[in-house]
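Okay, input27.txt is below, compact mmCIF, N, CA and C atoms and all ligand atoms:
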```txt
# COMPACT_ATOMS: atom_id res chain seq x y z
N MET R 1 82.85 92.53 146.63
CA MET R 1 81.79 93.13 145.81
C MET R 1 80.45 92.50 146.20
N SER R 2 79.47 93.35 146.50
CA SER R 2 78.16 92.80 146.85
C SER R 2 77.39 92.47 145.57
N VAL R 3 76.61 91.42 145.66
CA VAL R 3 75.89 90.93 144.49
C VAL R 3 74.39 91.11 144.70
N SER R 4 73.71 91.67 143.74
CA SER R 4 72.26 91.80 143.81
C SER R 4 71.62 90.82 142.84
N ARG R 5 70.48 90.31 143.25
CA ARG R 5 69.76 89.39 142.37
C ARG R 5 68.55 90.11 141.79
N PHE R 6 68.22 89.79 140.55
CA PHE R 6 67.01 90.33 139.96
C PHE R 6 66.45 89.33 138.96
N GLY R 7 65.16 89.40 138.75
CA GLY R 7 64.52 88.47 137.82
C GLY R 7 64.57 89.01 136.41
N VAL R 8 64.74 88.13 135.44
CA VAL R 8 64.78 88.54 134.03
C VAL R 8 63.75 87.74 133.26
N SER R 9 62.93 88.43 132.46
CA SER R 9 62.00 87.72 131.57
C SER R 9 62.55 87.73 130.16
N LEU R 10 62.61 86.56 129.55
CA LEU R 10 63.13 86.46 128.18
C LEU R 10 62.21 85.62 127.33
N GLU R 11 62.10 85.96 126.06
CA GLU R 11 61.36 85.11 125.13
C GLU R 11 62.10 83.77 125.02
N LYS R 12 61.34 82.73 124.65
CA LYS R 12 61.91 81.38 124.58
C LYS R 12 63.16 81.32 123.69
N GLU R 13 63.07 81.96 122.51
CA GLU R 13 64.18 81.90 121.56
C GLU R 13 65.43 82.58 122.12
N LEU R 14 65.20 83.70 122.80
CA LEU R 14 66.32 84.45 123.37
C LEU R 14 66.99 83.65 124.49
N LEU R 15 66.16 82.96 125.29
CA LEU R 15 66.69 82.14 126.37
C LEU R 15 67.50 80.97 125.80
N GLU R 16 66.99 80.38 124.73
CA GLU R 16 67.73 79.28 124.08
C GLU R 16 69.06 79.79 123.54
N ALA R 17 69.03 80.99 122.97
CA ALA R 17 70.26 81.58 122.43
C ALA R 17 71.25 81.85 123.56
N LEU R 18 70.73 82.29 124.71
CA LEU R 18 71.59 82.55 125.87
C LEU R 18 72.22 81.25 126.36
N ASP R 19 71.41 80.19 126.46
CA ASP R 19 71.94 78.90 126.91
C ASP R 19 73.00 78.36 125.96
N GLN R 20 72.79 78.60 124.69
CA GLN R 20 73.77 78.17 123.69
C GLN R 20 75.07 78.96 123.86
N TYR R 21 74.90 80.25 124.14
CA TYR R 21 76.06 81.13 124.38
C TYR R 21 76.84 80.67 125.61
N VAL R 22 76.10 80.29 126.66
CA VAL R 22 76.71 79.79 127.89
C VAL R 22 77.54 78.54 127.58
N ALA R 23 76.94 77.62 126.81
CA ALA R 23 77.61 76.35 126.50
C ALA R 23 78.84 76.60 125.61
N GLU R 24 78.68 77.39 124.58
CA GLU R 24 79.77 77.62 123.63
C GLU R 24 80.97 78.29 124.28
N ASN R 25 80.71 79.18 125.23
CA ASN R 25 81.80 79.92 125.84
C ASN R 25 82.23 79.36 127.20
N HIS R 26 81.67 78.17 127.51
CA HIS R 26 82.03 77.47 128.75
C HIS R 26 81.83 78.32 130.00
N PHE R 27 80.75 79.10 130.02
CA PHE R 27 80.41 79.83 131.23
C PHE R 27 79.83 78.84 132.23
N LYS R 28 79.98 79.15 133.52
CA LYS R 28 79.48 78.25 134.56
C LYS R 28 77.96 78.25 134.58
N ASN R 29 77.38 79.42 134.34
CA ASN R 29 75.93 79.55 134.40
C ASN R 29 75.48 80.79 133.64
N ARG R 30 74.16 80.99 133.59
CA ARG R 30 73.61 82.14 132.87
C ARG R 30 74.07 83.46 133.48
N SER R 31 74.15 83.53 134.81
CA SER R 31 74.55 84.78 135.46
C SER R 31 75.92 85.24 134.99
N GLN R 32 76.83 84.27 134.91
CA GLN R 32 78.19 84.61 134.49
C GLN R 32 78.18 85.15 133.05
N ALA R 33 77.38 84.53 132.21
CA ALA R 33 77.29 84.96 130.80
C ALA R 33 76.69 86.36 130.71
N ILE R 34 75.65 86.62 131.49
CA ILE R 34 75.01 87.94 131.45
C ILE R 34 75.97 89.01 131.96
N ARG R 35 76.70 88.71 133.04
CA ARG R 35 77.71 89.66 133.55
C ARG R 35 78.71 90.01 132.46
N HIS R 36 79.17 88.97 131.76
CA HIS R 36 80.15 89.16 130.69
C HIS R 36 79.58 90.05 129.58
N LEU R 37 78.36 89.79 129.19
CA LEU R 37 77.72 90.55 128.11
C LEU R 37 77.53 92.02 128.51
N VAL R 38 77.08 92.23 129.72
CA VAL R 38 76.83 93.60 130.18
C VAL R 38 78.15 94.37 130.25
N ARG R 39 79.16 93.73 130.84
CA ARG R 39 80.46 94.40 130.97
C ARG R 39 81.04 94.76 129.61
N ASN R 40 81.00 93.81 128.67
CA ASN R 40 81.52 94.06 127.32
C ASN R 40 80.81 95.22 126.67
N ASN R 41 79.51 95.23 126.84
CA ASN R 41 78.71 96.28 126.23
C ASN R 41 79.05 97.64 126.81
N LEU R 42 79.26 97.69 128.11
CA LEU R 42 79.60 98.96 128.76
C LEU R 42 80.98 99.45 128.33
N VAL R 43 81.93 98.52 128.18
CA VAL R 43 83.26 98.91 127.73
C VAL R 43 83.18 99.44 126.30
N GLU R 44 82.36 98.78 125.46
CA GLU R 44 82.21 99.25 124.08
C GLU R 44 81.65 100.66 124.03
N LYS R 45 80.71 100.95 124.89
CA LYS R 45 80.13 102.29 124.95
C LYS R 45 81.21 103.33 125.27
N LYS R 46 82.12 102.94 126.19
CA LYS R 46 83.19 103.84 126.60
C LYS R 46 84.09 104.21 125.42
N TRP R 47 84.16 103.32 124.40
CA TRP R 47 85.03 103.55 123.27
C TRP R 47 84.71 104.84 122.55
N GLU R 48 83.46 105.23 122.60
CA GLU R 48 83.05 106.43 121.88
C GLU R 48 83.24 107.66 122.75
N SER R 49 83.66 107.47 123.97
CA SER R 49 83.65 108.57 124.93
C SER R 49 85.04 109.16 125.14
N ASN R 50 85.11 110.09 126.08
CA ASN R 50 86.41 110.67 126.42
C ASN R 50 86.98 110.02 127.67
N GLN R 51 86.51 108.82 127.99
CA GLN R 51 87.04 108.09 129.15
C GLN R 51 88.44 107.58 128.85
N GLN R 52 89.23 107.47 129.91
CA GLN R 52 90.59 106.96 129.78
C GLN R 52 90.54 105.44 129.61
N VAL R 53 91.13 104.95 128.55
CA VAL R 53 91.21 103.51 128.34
C VAL R 53 92.63 103.16 127.86
N ALA R 54 92.95 101.90 127.97
CA ALA R 54 94.22 101.41 127.44
C ALA R 54 93.92 100.34 126.42
N GLY R 55 94.81 100.16 125.48
CA GLY R 55 94.53 99.17 124.46
C GLY R 55 95.72 98.86 123.59
N ALA R 56 95.44 98.07 122.55
CA ALA R 56 96.48 97.69 121.60
C ALA R 56 95.92 97.73 120.19
N ILE R 57 96.71 98.27 119.30
CA ILE R 57 96.33 98.26 117.89
C ILE R 57 97.27 97.26 117.22
N SER R 58 96.72 96.25 116.58
CA SER R 58 97.58 95.31 115.86
C SER R 58 97.37 95.48 114.36
N LEU R 59 98.48 95.45 113.65
CA LEU R 59 98.45 95.66 112.21
C LEU R 59 99.29 94.57 111.54
N VAL R 60 98.78 94.04 110.44
CA VAL R 60 99.57 93.10 109.64
C VAL R 60 99.69 93.70 108.25
N TYR R 61 100.91 93.74 107.73
CA TYR R 61 101.11 94.33 106.41
C TYR R 61 102.36 93.79 105.73
N ASP R 62 102.40 93.99 104.42
CA ASP R 62 103.56 93.64 103.61
C ASP R 62 104.44 94.88 103.56
N HIS R 63 105.64 94.80 104.13
CA HIS R 63 106.46 96.01 104.26
C HIS R 63 107.02 96.51 102.93
N HIS R 64 106.84 95.71 101.85
CA HIS R 64 107.30 96.17 100.53
C HIS R 64 106.36 97.19 99.90
N LYS R 65 105.14 97.27 100.42
CA LYS R 65 104.15 98.19 99.82
C LYS R 65 104.69 99.63 99.89
N ARG R 66 104.57 100.31 98.80
CA ARG R 66 105.11 101.67 98.68
C ARG R 66 104.48 102.63 99.68
N ASP R 67 105.27 103.44 100.27
CA ASP R 67 104.83 104.53 101.17
C ASP R 67 104.19 104.07 102.46
N LEU R 68 103.95 102.76 102.59
CA LEU R 68 103.22 102.29 103.76
C LEU R 68 103.94 102.61 105.08
N LEU R 69 105.22 102.29 105.15
CA LEU R 69 105.96 102.51 106.39
C LEU R 69 106.02 104.00 106.75
N ASN R 70 106.20 104.84 105.73
CA ASN R 70 106.23 106.28 105.98
C ASN R 70 104.91 106.79 106.52
N THR R 71 103.82 106.32 105.90
CA THR R 71 102.50 106.75 106.33
C THR R 71 102.22 106.30 107.76
N LEU R 72 102.59 105.07 108.09
CA LEU R 72 102.38 104.56 109.46
C LEU R 72 103.18 105.39 110.46
N ALA R 73 104.40 105.75 110.10
CA ALA R 73 105.24 106.54 111.01
C ALA R 73 104.67 107.95 111.17
N ASP R 74 104.25 108.56 110.06
CA ASP R 74 103.67 109.91 110.13
C ASP R 74 102.47 109.94 111.07
N LEU R 75 101.58 108.97 110.91
CA LEU R 75 100.38 108.91 111.74
C LEU R 75 100.73 108.75 113.21
N GLN R 76 101.71 107.89 113.48
CA GLN R 76 102.07 107.65 114.88
C GLN R 76 102.73 108.87 115.51
N HIS R 77 103.45 109.64 114.70
CA HIS R 77 104.02 110.88 115.24
C HIS R 77 102.92 111.89 115.54
N ASP R 78 101.87 111.89 114.71
CA ASP R 78 100.74 112.80 114.96
C ASP R 78 100.06 112.49 116.30
N TYR R 79 100.11 111.21 116.70
CA TYR R 79 99.41 110.78 117.92
C TYR R 79 100.39 110.29 118.98
N HIS R 80 101.60 110.85 119.00
CA HIS R 80 102.64 110.36 119.91
C HIS R 80 102.20 110.43 121.38
N ASP R 81 101.29 111.36 121.68
CA ASP R 81 100.88 111.54 123.08
C ASP R 81 100.04 110.39 123.63
N ILE R 82 99.49 109.54 122.75
CA ILE R 82 98.70 108.41 123.26
C ILE R 82 99.39 107.06 123.03
N ILE R 83 100.59 107.08 122.44
CA ILE R 83 101.29 105.83 122.16
C ILE R 83 102.31 105.53 123.26
N LEU R 84 102.17 104.35 123.86
CA LEU R 84 103.07 103.94 124.94
C LEU R 84 104.30 103.22 124.39
N ALA R 85 104.07 102.34 123.45
CA ALA R 85 105.16 101.53 122.92
C ALA R 85 104.73 100.91 121.61
N ASN R 86 105.71 100.47 120.87
CA ASN R 86 105.45 99.93 119.55
C ASN R 86 106.38 98.75 119.33
N GLN R 87 105.81 97.63 118.94
CA GLN R 87 106.64 96.45 118.74
C GLN R 87 106.43 95.92 117.33
N HIS R 88 107.53 95.60 116.69
CA HIS R 88 107.48 95.16 115.29
C HIS R 88 108.04 93.74 115.18
N PHE R 89 107.28 92.87 114.54
CA PHE R 89 107.73 91.48 114.36
C PHE R 89 107.80 91.19 112.86
N HIS R 90 108.91 90.67 112.40
CA HIS R 90 109.04 90.26 111.00
C HIS R 90 108.51 88.83 110.90
N LEU R 91 107.31 88.66 110.37
CA LEU R 91 106.66 87.35 110.38
C LEU R 91 107.31 86.39 109.39
N ASP R 92 107.59 86.89 108.21
CA ASP R 92 108.28 86.08 107.20
C ASP R 92 108.96 87.07 106.24
N HIS R 93 109.31 86.62 105.05
CA HIS R 93 110.05 87.49 104.13
C HIS R 93 109.31 88.78 103.81
N ASP R 94 107.98 88.70 103.71
CA ASP R 94 107.20 89.87 103.27
C ASP R 94 106.41 90.55 104.39
N ASN R 95 105.87 89.75 105.30
CA ASN R 95 104.86 90.26 106.23
C ASN R 95 105.38 90.68 107.59
N CYS R 96 104.79 91.74 108.09
CA CYS R 96 105.15 92.25 109.41
C CYS R 96 103.89 92.31 110.28
N LEU R 97 104.11 92.11 111.56
CA LEU R 97 103.06 92.34 112.56
C LEU R 97 103.55 93.47 113.45
N GLU R 98 102.71 94.49 113.60
CA GLU R 98 103.06 95.61 114.46
C GLU R 98 101.99 95.72 115.54
N ILE R 99 102.45 95.83 116.78
CA ILE R 99 101.52 96.00 117.89
C ILE R 99 101.85 97.31 118.59
N ILE R 100 100.86 98.18 118.63
CA ILE R 100 101.05 99.50 119.22
C ILE R 100 100.23 99.59 120.50
N ALA R 101 100.90 99.76 121.62
CA ALA R 101 100.19 99.90 122.90
C ALA R 101 99.79 101.36 123.06
N VAL R 102 98.53 101.58 123.38
CA VAL R 102 98.01 102.94 123.45
C VAL R 102 97.26 103.17 124.76
N LYS R 103 97.23 104.42 125.17
CA LYS R 103 96.51 104.79 126.38
C LYS R 103 96.04 106.23 126.25
N GLY R 104 94.78 106.46 126.58
CA GLY R 104 94.27 107.82 126.49
C GLY R 104 92.77 107.83 126.33
N GLU R 105 92.26 108.93 125.80
CA GLU R 105 90.82 109.03 125.62
C GLU R 105 90.36 108.07 124.53
N ALA R 106 89.27 107.38 124.82
CA ALA R 106 88.81 106.31 123.94
C ALA R 106 88.60 106.77 122.50
N PHE R 107 88.02 107.95 122.35
CA PHE R 107 87.74 108.38 120.97
C PHE R 107 89.02 108.66 120.19
N LYS R 108 90.08 109.08 120.91
CA LYS R 108 91.36 109.35 120.24
C LYS R 108 92.01 108.06 119.79
N LEU R 109 91.93 107.02 120.66
CA LEU R 109 92.49 105.73 120.31
C LEU R 109 91.78 105.16 119.09
N THR R 110 90.46 105.33 119.08
CA THR R 110 89.65 104.82 117.96
C THR R 110 90.01 105.55 116.67
N LEU R 111 90.21 106.86 116.80
CA LEU R 111 90.55 107.68 115.64
C LEU R 111 91.88 107.23 115.03
N LEU R 112 92.89 107.08 115.89
CA LEU R 112 94.20 106.65 115.42
C LEU R 112 94.10 105.26 114.78
N ALA R 113 93.42 104.34 115.46
CA ALA R 113 93.30 102.97 114.94
C ALA R 113 92.63 102.97 113.57
N ASN R 114 91.55 103.74 113.44
CA ASN R 114 90.83 103.78 112.16
C ASN R 114 91.73 104.31 111.05
N LYS R 115 92.51 105.33 111.37
CA LYS R 115 93.40 105.91 110.36
C LYS R 115 94.48 104.90 109.95
N LEU R 116 95.06 104.20 110.94
CA LEU R 116 96.12 103.24 110.65
C LEU R 116 95.58 102.06 109.83
N ILE R 117 94.41 101.57 110.24
CA ILE R 117 93.84 100.39 109.58
C ILE R 117 93.44 100.72 108.14
N ALA R 118 93.13 102.01 107.90
CA ALA R 118 92.69 102.42 106.56
C ALA R 118 93.86 102.66 105.60
N VAL R 119 95.10 102.63 106.12
CA VAL R 119 96.25 102.89 105.25
C VAL R 119 96.32 101.80 104.18
N LYS R 120 96.58 102.24 102.95
CA LYS R 120 96.62 101.32 101.81
C LYS R 120 97.74 100.30 102.02
N GLY R 121 97.41 99.03 101.94
CA GLY R 121 98.41 97.98 102.11
C GLY R 121 98.29 97.23 103.43
N ILE R 122 97.48 97.78 104.35
CA ILE R 122 97.25 97.07 105.61
C ILE R 122 96.34 95.87 105.32
N GLN R 123 96.82 94.67 105.67
CA GLN R 123 96.03 93.47 105.37
C GLN R 123 95.04 93.17 106.48
N HIS R 124 95.45 93.49 107.69
CA HIS R 124 94.56 93.23 108.81
C HIS R 124 94.86 94.23 109.92
N GLY R 125 93.84 94.74 110.55
CA GLY R 125 94.06 95.68 111.64
C GLY R 125 92.94 95.59 112.64
N LYS R 126 93.31 95.70 113.92
CA LYS R 126 92.29 95.60 114.95
C LYS R 126 92.71 96.39 116.18
N LEU R 127 91.72 97.04 116.78
CA LEU R 127 91.95 97.75 118.04
C LEU R 127 91.22 97.02 119.14
N THR R 128 91.91 96.74 120.23
CA THR R 128 91.23 96.21 121.41
C THR R 128 91.45 97.19 122.55
N MET R 129 90.40 97.41 123.32
CA MET R 129 90.51 98.37 124.42
C MET R 129 89.92 97.80 125.69
N SER R 130 90.50 98.21 126.80
CA SER R 130 89.92 97.88 128.11
C SER R 130 89.88 99.15 128.91
N SER R 131 88.99 99.17 129.83
CA SER R 131 88.92 100.31 130.72
C SER R 131 90.18 100.34 131.57
N SER R 132 90.80 101.49 131.70
CA SER R 132 92.03 101.57 132.50
C SER R 132 91.71 102.16 133.89
N GLU R 133 90.45 102.29 134.19
CA GLU R 133 90.07 102.86 135.48
C GLU R 133 89.64 101.76 136.44
NI NI W 1 109.02 93.64 109.40
```

As structure tokens, how would this structure be written, given the file I've shared?
Ligand code: NI
Amino acid sequence: MSVSRFGVSLEKELLEALDQYVAENHFKNRSQAIRHLVRNNLVEKKWESNQQVAGAISLVYDHHKRDLLNTLADLQHDYHDIILANQHFHLDHDNCLEIIAVKGEAFKLTLLANKLIAVKGIQHGKLTMSSSE
């Protein structure tokens, strides 16, 4: 990969914030931090698009909650075309962790994740996506 150099002008406070970000995240230098920020931002933009991405939806819930398992299953059947696999872990007597691997158009993954996370009884839910191209 060829690398291009360019000059960046930043206000003092912003530069200090960048240096702090470099230190906190153990980046080698400012360039590495800026590359990371730009890439993350571009991937986030893709989330709203019809670009192909892959990701994982993680859900934590108490499986005793009424109707919760049925609702989760119904939703996943509605979106079976973007679900690759589903793994269920019994964390303790009450709590379950479910990880759903997904692949497809970013907006569809986001839609499914939002619906799952909004189900009553879900304690924690998160979607992570990466570009699959
Ligand atoms: Ni379980």

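For ligand NI 1 (chain W), the neighbouring protein, DNA and RNA residues, which are those within 6.5 Å when all atoms listed in the file are counted, are R:His63, R:His88, R:Phe89, R:His90, R:Leu91, R:Asp94, R:Asn95, R:Cys96, R:Leu97.
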
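Here CA of Arg30 (chain R) and CA of Met129 (chain R) stand 24.9 Å from one another.
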
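Relative to atom N of Phe6 (chain R), atom C of Ile34 (chain R) is found at 11.6 Å.
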
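The nearest approach to Val102 (chain R) among the residues R:Gly55, R:Val119, R:Gly125, R:Asn40, with only C-alpha atoms taken into account, belongs to R:Gly55.
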
Select from region 33-82 of chain R everything DSSP, run on the backbone, classes as strand (DSSP E), then give the selection as a PyMOL selection string.
chain R and resi 52-62

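The shortest atom-to-atom distance to Ser130 (chain R), with only C-alpha atoms taken into account, belongs to R:Asn41 out of R:Ser58, R:Asn41, R:Asn86, R:Gln32.
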
For region 33-44 of chain R, supply all heavy atoms and format the output as a PDB file, in the frame of the given file.
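File result.pdb, as written:
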```
ATOM      1  N   ALA R  33      77.380  84.530 132.210  1.00  0.00           N
ATOM      2  CA  ALA R  33      77.290  84.960 130.800  1.00  0.00           C
ATOM      3  C   ALA R  33      76.690  86.360 130.710  1.00  0.00           C
ATOM      4  O   ALA R  33      77.191  87.206 129.956  1.00  0.00           O
ATOM      5  CB  ALA R  33      76.439  83.972 130.013  1.00  0.00           C
ATOM      6  N   ILE R  34      75.650  86.620 131.490  1.00  0.00           N
ATOM      7  CA  ILE R  34      75.010  87.940 131.450  1.00  0.00           C
ATOM      8  C   ILE R  34      75.970  89.010 131.960  1.00  0.00           C
ATOM      9  O   ILE R  34      76.086  90.086 131.378  1.00  0.00           O
ATOM     10  CB  ILE R  34      73.681  87.921 132.245  1.00  0.00           C
ATOM     11  CG1 ILE R  34      72.644  87.099 131.469  1.00  0.00           C
ATOM     12  CG2 ILE R  34      73.161  89.335 132.485  1.00  0.00           C
ATOM     13  CD1 ILE R  34      71.374  86.801 132.239  1.00  0.00           C
ATOM     14  N   ARG R  35      76.700  88.710 133.040  1.00  0.00           N
ATOM     15  CA  ARG R  35      77.710  89.660 133.550  1.00  0.00           C
ATOM     16  C   ARG R  35      78.710  90.010 132.460  1.00  0.00           C
ATOM     17  O   ARG R  35      79.049  91.174 132.238  1.00  0.00           O
ATOM     18  CB  ARG R  35      78.456  89.055 134.746  1.00  0.00           C
ATOM     19  CG  ARG R  35      77.749  89.239 136.078  1.00  0.00           C
ATOM     20  CD  ARG R  35      78.700  89.014 137.243  1.00  0.00           C
ATOM     21  NE  ARG R  35      79.200  87.652 137.309  1.00  0.00           N
ATOM     22  CZ  ARG R  35      78.545  86.652 137.927  1.00  0.00           C
ATOM     23  NH1 ARG R  35      77.395  86.863 138.526  1.00  0.00           N
ATOM     24  NH2 ARG R  35      79.051  85.445 137.950  1.00  0.00           N
ATOM     25  N   HIS R  36      79.170  88.970 131.760  1.00  0.00           N
ATOM     26  CA  HIS R  36      80.150  89.160 130.690  1.00  0.00           C
ATOM     27  C   HIS R  36      79.580  90.050 129.580  1.00  0.00           C
ATOM     28  O   HIS R  36      80.245  90.983 129.116  1.00  0.00           O
ATOM     29  CB  HIS R  36      80.540  87.785 130.138  1.00  0.00           C
ATOM     30  CG  HIS R  36      81.453  87.832 128.955  1.00  0.00           C
ATOM     31  ND1 HIS R  36      82.814  87.995 129.065  1.00  0.00           N
ATOM     32  CD2 HIS R  36      81.188  87.763 127.622  1.00  0.00           C
ATOM     33  CE1 HIS R  36      83.349  88.020 127.861  1.00  0.00           C
ATOM     34  NE2 HIS R  36      82.390  87.874 126.966  1.00  0.00           N
ATOM     35  N   LEU R  37      78.360  89.790 129.190  1.00  0.00           N
ATOM     36  CA  LEU R  37      77.720  90.550 128.110  1.00  0.00           C
ATOM     37  C   LEU R  37      77.530  92.020 128.510  1.00  0.00           C
ATOM     38  O   LEU R  37      77.801  92.922 127.717  1.00  0.00           O
ATOM     39  CB  LEU R  37      76.373  89.931 127.734  1.00  0.00           C
ATOM     40  CG  LEU R  37      76.466  88.609 126.973  1.00  0.00           C
ATOM     41  CD1 LEU R  37      75.102  87.933 126.905  1.00  0.00           C
ATOM     42  CD2 LEU R  37      77.015  88.831 125.583  1.00  0.00           C
ATOM     43  N   VAL R  38      77.080  92.230 129.720  1.00  0.00           N
ATOM     44  CA  VAL R  38      76.830  93.600 130.180  1.00  0.00           C
ATOM     45  C   VAL R  38      78.150  94.370 130.250  1.00  0.00           C
ATOM     46  O   VAL R  38      78.256  95.489 129.752  1.00  0.00           O
ATOM     47  CB  VAL R  38      76.136  93.601 131.565  1.00  0.00           C
ATOM     48  CG1 VAL R  38      76.089  95.010 132.151  1.00  0.00           C
ATOM     49  CG2 VAL R  38      74.726  93.039 131.448  1.00  0.00           C
ATOM     50  N   ARG R  39      79.160  93.730 130.840  1.00  0.00           N
ATOM     51  CA  ARG R  39      80.460  94.400 130.970  1.00  0.00           C
ATOM     52  C   ARG R  39      81.040  94.760 129.610  1.00  0.00           C
ATOM     53  O   ARG R  39      81.520  95.869 129.387  1.00  0.00           O
ATOM     54  CB  ARG R  39      81.438  93.482 131.717  1.00  0.00           C
ATOM     55  CG  ARG R  39      81.895  94.105 133.016  1.00  0.00           C
ATOM     56  CD  ARG R  39      82.922  93.254 133.702  1.00  0.00           C
ATOM     57  NE  ARG R  39      82.415  92.790 134.972  1.00  0.00           N
ATOM     58  CZ  ARG R  39      82.385  91.536 135.382  1.00  0.00           C
ATOM     59  NH1 ARG R  39      82.820  90.581 134.600  1.00  0.00           N
ATOM     60  NH2 ARG R  39      81.903  91.224 136.555  1.00  0.00           N
ATOM     61  N   ASN R  40      81.000  93.810 128.670  1.00  0.00           N
ATOM     62  CA  ASN R  40      81.520  94.060 127.320  1.00  0.00           C
ATOM     63  C   ASN R  40      80.810  95.220 126.670  1.00  0.00           C
ATOM     64  O   ASN R  40      81.417  96.067 126.036  1.00  0.00           O
ATOM     65  CB  ASN R  40      81.314  92.820 126.448  1.00  0.00           C
ATOM     66  CG  ASN R  40      82.546  91.966 126.438  1.00  0.00           C
ATOM     67  OD1 ASN R  40      83.465  92.196 127.218  1.00  0.00           O
ATOM     68  ND2 ASN R  40      82.576  91.000 125.559  1.00  0.00           N
ATOM     69  N   ASN R  41      79.510  95.230 126.840  1.00  0.00           N
ATOM     70  CA  ASN R  41      78.710  96.280 126.230  1.00  0.00           C
ATOM     71  C   ASN R  41      79.050  97.640 126.810  1.00  0.00           C
ATOM     72  O   ASN R  41      79.173  98.628 126.080  1.00  0.00           O
ATOM     73  CB  ASN R  41      77.232  95.966 126.423  1.00  0.00           C
ATOM     74  CG  ASN R  41      76.376  96.816 125.530  1.00  0.00           C
ATOM     75  OD1 ASN R  41      76.037  97.931 125.902  1.00  0.00           O
ATOM     76  ND2 ASN R  41      76.076  96.332 124.345  1.00  0.00           N
ATOM     77  N   LEU R  42      79.260  97.690 128.110  1.00  0.00           N
ATOM     78  CA  LEU R  42      79.600  98.960 128.760  1.00  0.00           C
ATOM     79  C   LEU R  42      80.980  99.450 128.330  1.00  0.00           C
ATOM     80  O   LEU R  42      81.186 100.628 128.117  1.00  0.00           O
ATOM     81  CB  LEU R  42      79.542  98.815 130.290  1.00  0.00           C
ATOM     82  CG  LEU R  42      78.152  98.570 130.864  1.00  0.00           C
ATOM     83  CD1 LEU R  42      78.231  98.370 132.363  1.00  0.00           C
ATOM     84  CD2 LEU R  42      77.215  99.727 130.542  1.00  0.00           C
ATOM     85  N   VAL R  43      81.930  98.520 128.180  1.00  0.00           N
ATOM     86  CA  VAL R  43      83.260  98.910 127.730  1.00  0.00           C
ATOM     87  C   VAL R  43      83.180  99.440 126.300  1.00  0.00           C
ATOM     88  O   VAL R  43      83.783 100.439 125.965  1.00  0.00           O
ATOM     89  CB  VAL R  43      84.241  97.716 127.811  1.00  0.00           C
ATOM     90  CG1 VAL R  43      85.547  98.038 127.106  1.00  0.00           C
ATOM     91  CG2 VAL R  43      84.541  97.384 129.262  1.00  0.00           C
ATOM     92  N   GLU R  44      82.360  98.780 125.460  1.00  0.00           N
ATOM     93  CA  GLU R  44      82.210  99.250 124.080  1.00  0.00           C
ATOM     94  C   GLU R  44      81.650 100.660 124.030  1.00  0.00           C
ATOM     95  O   GLU R  44      82.064 101.466 123.216  1.00  0.00           O
ATOM     96  CB  GLU R  44      81.309  98.299 123.291  1.00  0.00           C
ATOM     97  CG  GLU R  44      82.122  97.250 122.564  1.00  0.00           C
ATOM     98  CD  GLU R  44      81.280  96.121 122.023  1.00  0.00           C
ATOM     99  OE1 GLU R  44      80.157  96.392 121.598  1.00  0.00           O
ATOM    100  OE2 GLU R  44      81.759  94.984 122.050  1.00  0.00           O
TER     101      GLU R  44
END
```
